[in-house]
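The next block holds one structure in the form of structure tokens; read it before the comments.
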Amino acid sequence: MRTRFAPSPTGALHSGVVRTALFSWLLAQQSNGQFILRIEDTDQKREVEGGVGNIKETLRWLGLEWQEGPDVGGPYAPYLQSQRLEKYKQVAEELIAKGLAYADPYTPEELQAFREKAQVEKRPFLYRDHRPESPPKWDGSQALRVKLEPKDWSWDDAIMGKVSMGPEMIDDFIIIKADGFPTYNFAHIVDDHEMKITHILRSQEFLSSIPKFLATHEILNWDSPVNATAPQVMDETGRRKLSKRHGAKPVLEYREMGFLPDAIVNFLALIGWNDGTDQEIYSRQELIEKFSLDRVQKSGGIFDERRLVWFNGHYIRKLSLDELYRLSEKFWPESAKAYDDNYRRAVLELFHERLKFLSELPELTGYFFSDPKIDIEKLTDSQTDETAARKFVEATIAELGESDFSEADLEQRMRGLVDRLATKPGALFKVIRMGVTGSTVAPGLFETLHVIGKERTLDRLKAL
Ligand code: GLU
């Protein structure tokens with residue numbers, strides 16, 4: 001299979017778009033085919049600076065390498081549509097020569113008048129009702145329209161199954177704009193044909209355009225690639241399409257937050273696809289082996305970021321401590337810079353099981369690197385008043401002064417203290433945890449004190 005991802009560089013890639021790219025990539029890998037990256041930069045007004053760079057960086061970060069396309073080249077280079085204008089013009093000229101395309105002679109005002117007239121007469125506005133009898137010679141300064149005859153279309157969509165649409169879906173659409181650039185509708189047909197694409201995965205918003213595409217293939221005497229329409233990616237409410245305005249972040253923002261590419265790929269693959277079991281964790285290789293278009297569902301899949309967070313936690317736990325340490329490098333709080341690798345590794349180890357993404361590190365680990373400001377009042381609650389809290393702190397300072405600060409010794413001494421103070425472990429440990437870390441949600445108390453070390457633990461307790 002030769003599949004392609006053909007984004008327009010109009011903004012940072014977000015998850016909905018990348019999910020469809022992933023499906024294309026999986027198909028190409030599993031069939032030992034090629035996954036082609038083509039940049040559809042024909043709408044210059046909507047193009048954003050850095051758009052192409054963002055596309056390449058996002059795919060590379062996720063490990064969705066392309067076998068043909070920008071930077072890597074290939075037999076159908078160039079892969080940027082703005083560098084292929086001659087090709088579209090050539091196909092357009094062929095259509096003109098066959099009487100199948102014509103220069104649009106109308107001004108925007110004239111077209112508006114036709115539209116209004118149709119509205120008054122309560123009939124649909126169609127360009128083909130206004131085909132000029134003798135169109136002007138196309139000199140590149142007018143828009144060029146293709147001449148398509150209306151008819152019913154039925155086709156097999158590899159995901160949606162049999163689809164049928166009526167003749168109202170067909171009209172004479174613009175193939176080359178007055179600015180000399182082709183439209184998406186035309187350029188992708190020319191490119192997919194020349195690039196020998198076998199399967200086109202598109203998002204659902206293009207479904208109603210497929211009759212136009214098929215009709216254009218027909219007049220060009222070209223076979224259409226297989227069309228596969230991926231179900232919509234919905235936001236977490238399940239009611240709205242995921243979009244920049246509703247729930248979609250640029251994928252590279254997840255990199256900044258310390259998500260792992262494998263977690264994102266696994267998560268995205270399951271939006272709208274399953275292999276018929278309730279398996280959730282798939283390695284890349286497994287996805288390549290098991291993915292199939294006939295198990296992609298027809299209805300929308302939900303993008304639930306909480307689920308992504310769960311996947312990421314799973315993939316973090318699967319890393320070795322060494323790998324996690326390497327990936328964490330740029331996520332430490334500023335204050336951690338003053339500490340050596342061994343100390344930071346020991347801290348990280350305490351969080352390996354519970355870390356959900358790496359940018360949580362500063363908030364979770366801050367008290368390992370700088371002394372929290374703690375007021376004695378924070379140590380009190382309905383069970384423990386200030387006098388009791390002070391007593392716990394004093395007793396702990398005395399007891400731990402004798403400790404070698406191994407976890408086992410800390411545990412033994414603290415449990416002994418619970419008995420001597422005739423209190424409950426929960427009450428004493430809560431006070432000491434808060435007194436040393438300023439937090440109620442630290443990892444286990446003994447391991448935390450062990451890592452923070454004797455001197456600093458005692459200093460912090462004495463400062464209360
Ligand atoms: N350039 C189109 C877009 O970004 C691509 C659609 C397609 O895959 O054919 O929406």
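Starting from 1 in every chain, residues are counted up; chains themselves are A, B, ... following the order of the structure tokens, and ligands are numbered from 1 as listed.
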When the cut-off is 6 Å and you count only C-alpha atoms and all ligand atoms, which residues lie near ligand 1, shown as a list in words?
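Counting only what the definition allows, namely only C-alpha atoms and all ligand atoms, the set is Ala6, Pro7, Ser8, Glu40 and Arg202 of chain A.
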How would the residues just chosen look if you wrote them out with N, CA and C atoms as a short mmCIF file (atom, residue, chain, number, x, y, z; two decimals), in the first residue's frame?
```
data_model
loop_
_atom_site.label_atom_id
_atom_site.label_comp_id
_atom_site.auth_asym_id
_atom_site.auth_seq_id
_atom_site.Cartn_x
_atom_site.Cartn_y
_atom_site.Cartn_z
N ALA A 6 -1.36 14.32 4.10
CA ALA A 6 -1.25 15.51 3.26
C ALA A 6 -1.77 16.74 3.99
N PRO A 7 -1.10 17.13 5.04
CA PRO A 7 -1.60 18.27 5.82
C PRO A 7 -1.31 19.60 5.16
N SER A 8 -2.10 20.58 5.51
CA SER A 8 -1.83 21.96 5.09
C SER A 8 -1.13 22.65 6.27
N GLU A 40 0.44 20.30 1.66
CA GLU A 40 -0.57 20.93 0.80
C GLU A 40 -0.62 22.43 1.10
N ARG A 202 -9.01 9.91 4.79
CA ARG A 202 -9.38 11.31 5.00
C ARG A 202 -10.30 11.40 6.19
#
```
Find the spatial neighbours of region 88-103 of chain A, counting only C-alpha atoms, within a cut-off of 12 Å - ignore same-chain residues fewer than 3 positions away - and output them as a ChimeraX atom specification.
/A:42,81-85,106-107,127-128,130-149,172-178,180-194,215-222
Using only C-alpha atoms, which residues sit within 9 Å of Thr380 (chain A) once same-chain residues fewer than 5 positions away are excluded, as a PyMOL selection string?
chain A and resi 385-386+388-389+431
Quick one: contact table of region 282-379 of chain A to region 239-249 of chain A, 12 Å max, nearest atom pair and distance in Å to one decimal per residue, counting only C-alpha atoms, chain and number order, as CSV?
```
residue,atom,partner,partner_atom,distance
A:Ser299,CA,A:Arg239,CA,11.7
A:Gly300,CA,A:Lys241,CA,8.5
A:Gly301,CA,A:Lys241,CA,9.6
A:Ile302,CA,A:Leu242,CA,8.5
A:Phe303,CA,A:Leu242,CA,7.4
A:Asp304,CA,A:Gly247,CA,9.1
A:Glu305,CA,A:Gly247,CA,8.7
A:Arg306,CA,A:Gly247,CA,11.9
```
Write a file of the just-selected residues containing N, CA, C and O atoms, as a tab-separated table (two decimals), in the first residue's frame.
```tsv
chain	number	residue	atom	x	y	z
A	299	SER	N	-18.61	5.30	13.63
A	299	SER	CA	-19.02	6.49	14.39
A	299	SER	C	-17.81	7.11	15.08
A	299	SER	O	-16.75	6.48	15.18
A	300	GLY	N	-18.02	8.31	15.57
A	300	GLY	CA	-16.90	9.07	16.12
A	300	GLY	C	-16.23	8.39	17.31
A	300	GLY	O	-16.86	7.68	18.08
A	301	GLY	N	-14.94	8.62	17.44
A	301	GLY	CA	-14.19	8.13	18.60
A	301	GLY	C	-13.91	9.30	19.52
A	301	GLY	O	-13.85	10.44	19.06
A	302	ILE	N	-13.75	9.02	20.78
A	302	ILE	CA	-13.61	10.12	21.75
A	302	ILE	C	-12.16	10.32	22.17
A	302	ILE	O	-11.44	9.37	22.45
A	303	PHE	N	-11.78	11.59	22.18
A	303	PHE	CA	-10.45	11.97	22.66
A	303	PHE	C	-10.61	12.36	24.13
A	303	PHE	O	-11.16	13.40	24.44
A	304	ASP	N	-10.16	11.47	25.01
A	304	ASP	CA	-10.30	11.74	26.44
A	304	ASP	C	-8.90	11.88	27.01
A	304	ASP	O	-8.17	10.89	27.14
A	305	GLU	N	-8.55	13.09	27.34
A	305	GLU	CA	-7.17	13.34	27.78
A	305	GLU	C	-6.83	12.58	29.06
A	305	GLU	O	-5.69	12.19	29.27
A	306	ARG	N	-7.83	12.31	29.89
A	306	ARG	CA	-7.54	11.55	31.11
A	306	ARG	C	-7.05	10.15	30.77
A	306	ARG	O	-6.24	9.56	31.45
```
Which residue is closest to Ser359 (chain A)? Choose from A:Lys117, A:Lys373, A:Arg255, A:Lys391 and count only C-alpha atoms.
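Among the listed residues, A:Arg255 lies closest to Ser359 (chain A).
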Using only C-alpha atoms, the shortest atom-to-atom distance to Thr10 (chain A) among A:Trp25, A:Ile36, A:Asn274, A:Val48 belongs to A:Val48
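Here the question is which of A:Ile316, A:Leu421, A:Leu214, A:Leu270 gets nearest to Asp152 (chain A) using only C-alpha atoms, and that residue is A:Leu214.
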